[in-house]
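Asker: You'll find model-v7.cif just under this line, and it carries mmCIF, C-alpha atoms.
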data_coords
#
loop_
_atom_site.group_PDB
_atom_site.id
_atom_site.type_symbol
_atom_site.label_atom_id
_atom_site.label_comp_id
_atom_site.auth_asym_id
_atom_site.auth_seq_id
_atom_site.Cartn_x
_atom_site.Cartn_y
_atom_site.Cartn_z
ATOM 1 C CA MET A 260 -4.126 -35.756 -76.102
ATOM 2 C CA ASP A 261 -6.079 -35.965 -79.301
ATOM 3 C CA ASN A 262 -7.089 -32.562 -80.682
ATOM 4 C CA GLN A 263 -10.503 -33.974 -81.678
ATOM 5 C CA PHE A 264 -11.073 -34.946 -78.041
ATOM 6 C CA PHE A 265 -10.707 -31.288 -76.988
ATOM 7 C CA LYS A 266 -12.920 -30.112 -79.846
ATOM 8 C CA ASN A 267 -15.647 -32.515 -78.713
ATOM 9 C CA ILE A 268 -15.427 -31.203 -75.148
ATOM 10 C CA GLU A 269 -15.573 -27.613 -76.389
ATOM 11 C CA LYS A 270 -18.610 -28.420 -78.523
ATOM 12 C CA LYS A 271 -20.471 -30.110 -75.654
ATOM 13 C CA THR A 272 -19.577 -27.616 -72.924
ATOM 14 C CA GLY A 273 -18.976 -24.355 -74.760
ATOM 15 C CA VAL A 274 -15.774 -24.004 -72.737
ATOM 16 C CA ASN A 275 -12.562 -23.140 -74.550
ATOM 17 C CA MET A 276 -10.007 -25.838 -73.707
ATOM 18 C CA LYS A 277 -7.075 -23.464 -74.224
ATOM 19 C CA GLU A 278 -8.472 -21.275 -71.444
ATOM 20 C CA ILE A 279 -8.833 -24.312 -69.169
ATOM 21 C CA LEU A 280 -5.292 -25.483 -69.880
ATOM 22 C CA ASP A 281 -3.910 -21.955 -69.367
ATOM 23 C CA LEU A 282 -5.755 -21.737 -66.046
ATOM 24 C CA ALA A 283 -4.488 -25.158 -64.964
ATOM 25 C CA ASN A 284 -0.912 -24.145 -65.783
ATOM 26 C CA SER A 285 -1.252 -20.901 -63.828
ATOM 27 C CA LEU A 286 -2.504 -22.802 -60.758
ATOM 28 C CA GLN A 287 0.586 -24.996 -60.483
ATOM 29 C CA ASN A 288 2.688 -22.432 -58.603
ATOM 30 C CA ALA A 289 -0.062 -20.202 -57.237
ATOM 31 C CA ASN A 290 -0.071 -19.157 -53.574
ATOM 32 C CA PHE A 291 -3.517 -20.111 -52.287
ATOM 33 C CA LYS A 292 -2.860 -18.516 -48.918
ATOM 34 C CA ASP A 293 -2.952 -15.161 -50.723
ATOM 35 C CA GLU A 294 -6.466 -13.707 -50.857
ATOM 36 C CA LYS A 295 -5.815 -11.721 -54.044
ATOM 37 C CA THR A 296 -4.616 -14.847 -55.872
ATOM 38 C CA VAL A 297 -7.662 -16.837 -54.793
ATOM 39 C CA ARG A 298 -10.027 -14.045 -55.876
ATOM 40 C CA ASN A 299 -8.345 -13.900 -59.284
ATOM 41 C CA VAL A 300 -8.736 -17.670 -59.714
ATOM 42 C CA ILE A 301 -12.421 -17.480 -58.768
ATOM 43 C CA LYS A 302 -12.978 -14.690 -61.305
ATOM 44 C CA ARG A 303 -11.183 -16.623 -64.054
ATOM 45 C CA VAL A 304 -13.155 -19.794 -63.387
ATOM 46 C CA SER A 305 -16.389 -17.795 -63.295
ATOM 47 C CA LYS A 306 -15.560 -16.172 -66.634
ATOM 48 C CA ILE A 307 -14.527 -19.443 -68.296
ATOM 49 C CA ALA A 308 -17.668 -21.187 -67.025
ATOM 50 C CA ASN A 309 -19.803 -18.180 -67.951
ATOM 51 C CA LYS A 310 -21.325 -18.410 -64.483
ATOM 52 C CA PRO A 311 -21.424 -15.146 -62.481
ATOM 53 C CA VAL A 312 -20.334 -15.338 -58.840
ATOM 54 C CA SER A 313 -21.871 -12.937 -56.337
ATOM 55 C CA LYS A 314 -19.580 -11.006 -54.007
ATOM 56 C CA ASP A 315 -21.045 -12.952 -51.079
ATOM 57 C CA THR A 316 -20.262 -16.312 -52.706
ATOM 58 C CA GLU A 317 -16.797 -15.103 -53.688
ATOM 59 C CA ASN A 318 -16.143 -14.073 -50.072
ATOM 60 C CA LYS A 319 -17.276 -17.487 -48.802
ATOM 61 C CA ILE A 320 -15.009 -19.302 -51.260
ATOM 62 C CA VAL A 321 -12.044 -17.085 -50.342
ATOM 63 C CA GLU A 322 -12.644 -17.607 -46.628
ATOM 64 C CA SER A 323 -12.959 -21.347 -47.093
ATOM 65 C CA ILE A 324 -9.675 -21.566 -49.003
ATOM 66 C CA VAL A 325 -7.499 -18.885 -47.392
ATOM 67 C CA LYS A 326 -8.647 -19.054 -43.777
ATOM 68 C CA ASP A 327 -9.922 -22.607 -43.433
ATOM 69 C CA GLY A 328 -7.264 -24.167 -45.653
ATOM 70 C CA LYS A 329 -9.762 -25.984 -47.867
ATOM 71 C CA GLN A 330 -8.143 -27.409 -50.984
ATOM 72 C CA LEU A 331 -8.745 -25.440 -54.159
ATOM 73 C CA ASP A 332 -9.861 -27.432 -57.159
ATOM 74 C CA PHE A 333 -12.513 -27.099 -59.827
ATOM 75 C CA ASN A 334 -14.944 -29.336 -57.928
ATOM 76 C CA THR A 335 -14.676 -27.200 -54.785
ATOM 77 C CA ILE A 336 -15.308 -23.986 -56.679
ATOM 78 C CA SER A 337 -18.067 -25.558 -58.771
ATOM 79 C CA GLN A 338 -19.878 -26.849 -55.683
ATOM 80 C CA MET A 339 -19.676 -23.472 -53.975
ATOM 81 C CA ILE A 340 -20.839 -21.598 -57.083
ATOM 82 C CA ASN A 341 -23.785 -23.945 -57.590
ATOM 83 C CA LYS A 342 -25.010 -23.846 -53.965
ATOM 84 C CA LYS A 343 -28.278 -22.016 -53.672
#
Write the structure described by the file as C-alpha coordinates, please.
Answerer:
Amino acid sequence: MDNQFFKNIEKKTGVNMKEILDLANSLQNANFKDEKTVRNVIKRVSKIANKPVSKDTENKIVESIVKDGKQLDFNTISQMINKK
(Lines of atoms letter the chains of each structure in order from A and count residues from 1; the text may use other names and numbers.)
(Lines give C-alpha, C1' and ligand atoms only; values in the text may rest on other atoms or scores of the structure.)
Protein backbone atom coordinates (compact mmCIF):
# COMPACT_ATOMS: atom_id res chain seq x y z
CA MET A 1 0.00 0.00 0.00
CA ASP A 2 0.95 3.61 -0.41
CA ASN A 3 3.09 4.95 2.44
CA GLN A 4 1.16 8.25 2.34
CA PHE A 5 -2.05 6.31 2.94
CA PHE A 6 -0.65 4.97 6.24
CA LYS A 7 0.66 8.41 7.22
CA ASN A 8 -2.82 9.87 6.69
CA ILE A 9 -4.37 7.17 8.88
CA GLU A 10 -1.76 7.77 11.58
CA LYS A 11 -2.41 11.51 11.46
CA LYS A 12 -6.19 11.09 11.74
CA THR A 13 -6.21 8.35 14.38
CA GLY A 14 -2.98 8.84 16.29
CA VAL A 15 -2.40 5.10 15.92
CA ASN A 16 0.99 3.89 14.72
CA MET A 17 0.41 1.71 11.64
CA LYS A 18 3.57 -0.31 12.27
CA GLU A 19 2.12 -1.38 15.62
CA ILE A 20 -1.16 -2.36 13.94
CA LEU A 21 0.61 -4.35 11.24
CA ASP A 22 2.86 -6.05 13.82
CA LEU A 23 -0.22 -6.97 15.87
CA ALA A 24 -2.03 -8.29 12.79
CA ASN A 25 0.97 -10.45 11.89
CA SER A 26 1.19 -11.84 15.43
CA LEU A 27 -2.51 -12.81 15.34
CA GLN A 28 -2.16 -15.04 12.29
CA ASN A 29 -0.93 -18.10 14.20
CA ALA A 30 -2.16 -17.23 17.69
CA ASN A 31 -4.04 -19.80 19.78
CA PHE A 32 -7.25 -18.06 20.83
CA LYS A 33 -8.28 -20.97 23.01
CA ASP A 34 -5.39 -20.01 25.30
CA GLU A 35 -6.45 -17.49 27.95
CA LYS A 36 -2.96 -16.01 28.32
CA THR A 37 -2.73 -15.34 24.57
CA VAL A 38 -6.13 -13.65 24.51
CA ARG A 39 -5.24 -11.46 27.50
CA ASN A 40 -2.00 -10.41 25.81
CA VAL A 41 -3.89 -9.46 22.63
CA ILE A 42 -6.41 -7.43 24.64
CA LYS A 43 -3.58 -5.58 26.40
CA ARG A 44 -1.80 -4.84 23.12
CA VAL A 45 -4.96 -3.54 21.47
CA SER A 46 -5.73 -1.44 24.54
CA LYS A 47 -2.23 0.05 24.47
CA ILE A 48 -2.28 0.74 20.72
CA ALA A 49 -5.73 2.35 20.97
CA ASN A 50 -4.70 4.24 24.10
CA LYS A 51 -7.94 3.03 25.68
CA PRO A 52 -7.61 1.43 29.15
CA VAL A 53 -9.53 -1.80 29.72
CA SER A 54 -10.76 -2.60 33.22
CA LYS A 55 -10.05 -6.04 34.67
CA ASP A 56 -13.79 -6.76 34.59
CA THR A 57 -14.05 -5.90 30.88
CA GLU A 58 -10.89 -7.89 30.14
CA ASN A 59 -12.39 -10.91 31.93
CA LYS A 60 -15.62 -10.61 29.92
CA ILE A 61 -13.72 -10.43 26.63
CA VAL A 62 -11.57 -13.43 27.58
CA GLU A 63 -14.62 -15.45 28.61
CA SER A 64 -16.43 -14.54 25.41
CA ILE A 65 -13.50 -15.63 23.23
CA VAL A 66 -11.99 -18.57 25.13
CA LYS A 67 -15.09 -20.16 26.65
CA ASP A 68 -17.86 -19.11 24.28
CA GLY A 69 -15.77 -19.40 21.12
CA LYS A 70 -16.60 -15.90 19.90
CA GLN A 71 -14.41 -14.84 16.99
CA LEU A 72 -11.61 -12.45 17.87
CA ASP A 73 -11.27 -9.41 15.66
CA PHE A 74 -10.77 -5.71 16.17
CA ASN A 75 -14.51 -4.99 15.91
CA THR A 76 -15.32 -7.52 18.64
CA ILE A 77 -12.74 -6.09 21.01
CA SER A 78 -13.67 -2.51 20.14
CA GLN A 79 -17.36 -3.15 20.81
CA MET A 80 -16.62 -4.78 24.15
CA ILE A 81 -14.22 -2.01 25.20
CA ASN A 82 -16.70 0.71 24.27
CA LYS A 83 -19.71 -0.85 26.06
CA LYS A 84 -20.72 1.16 29.06
Asker: One number please: atom CA of Phe291 of chain A to atom CA of Ile324 of chain A, in Å, one decimal.
Answerer: 7.1 Å
Asker: Nearest residue to Ile301 of chain A out of A:Gln287, A:Asn267, A:Thr316, A:Asn262, using all atoms listed in the file?
Answerer: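 Closest to Ile301 of chain A, using all atoms listed in the file: A:Thr316.
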Asker: When you look at Val274 of chain A with a cut-off of 12 Å (counting only C-alpha atoms), what residues show up, excluding the ones that are within fewer than 4 positions of it in the same chain? I need them as a VMD selection string.
Answerer: chain A and resid 265 to 270 278 to 280 304 to 310
Asker: What does the structure give for the distance between atom CA of Asn318 of chain A and atom CA of Arg298 of chain A, in Å to one decimal?
Answerer: 8.4 Å
Asker: Would you work out the distance separating atom CA of Glu294 of chain A from atom CA of Met276 of chain A, expressed in Å to one decimal?
Answerer: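 Pair atom CA of Glu294 of chain A / atom CA of Met276 of chain A returns 26.1 Å.
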Asker: Using all atoms listed in the file, which residue out of A:Gly328, A:Glu322, A:Phe264, A:Leu282 lies closest to Lys295 of chain A?
Answerer: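 Selected residue with least distance to Lys295 of chain A: A:Glu322.
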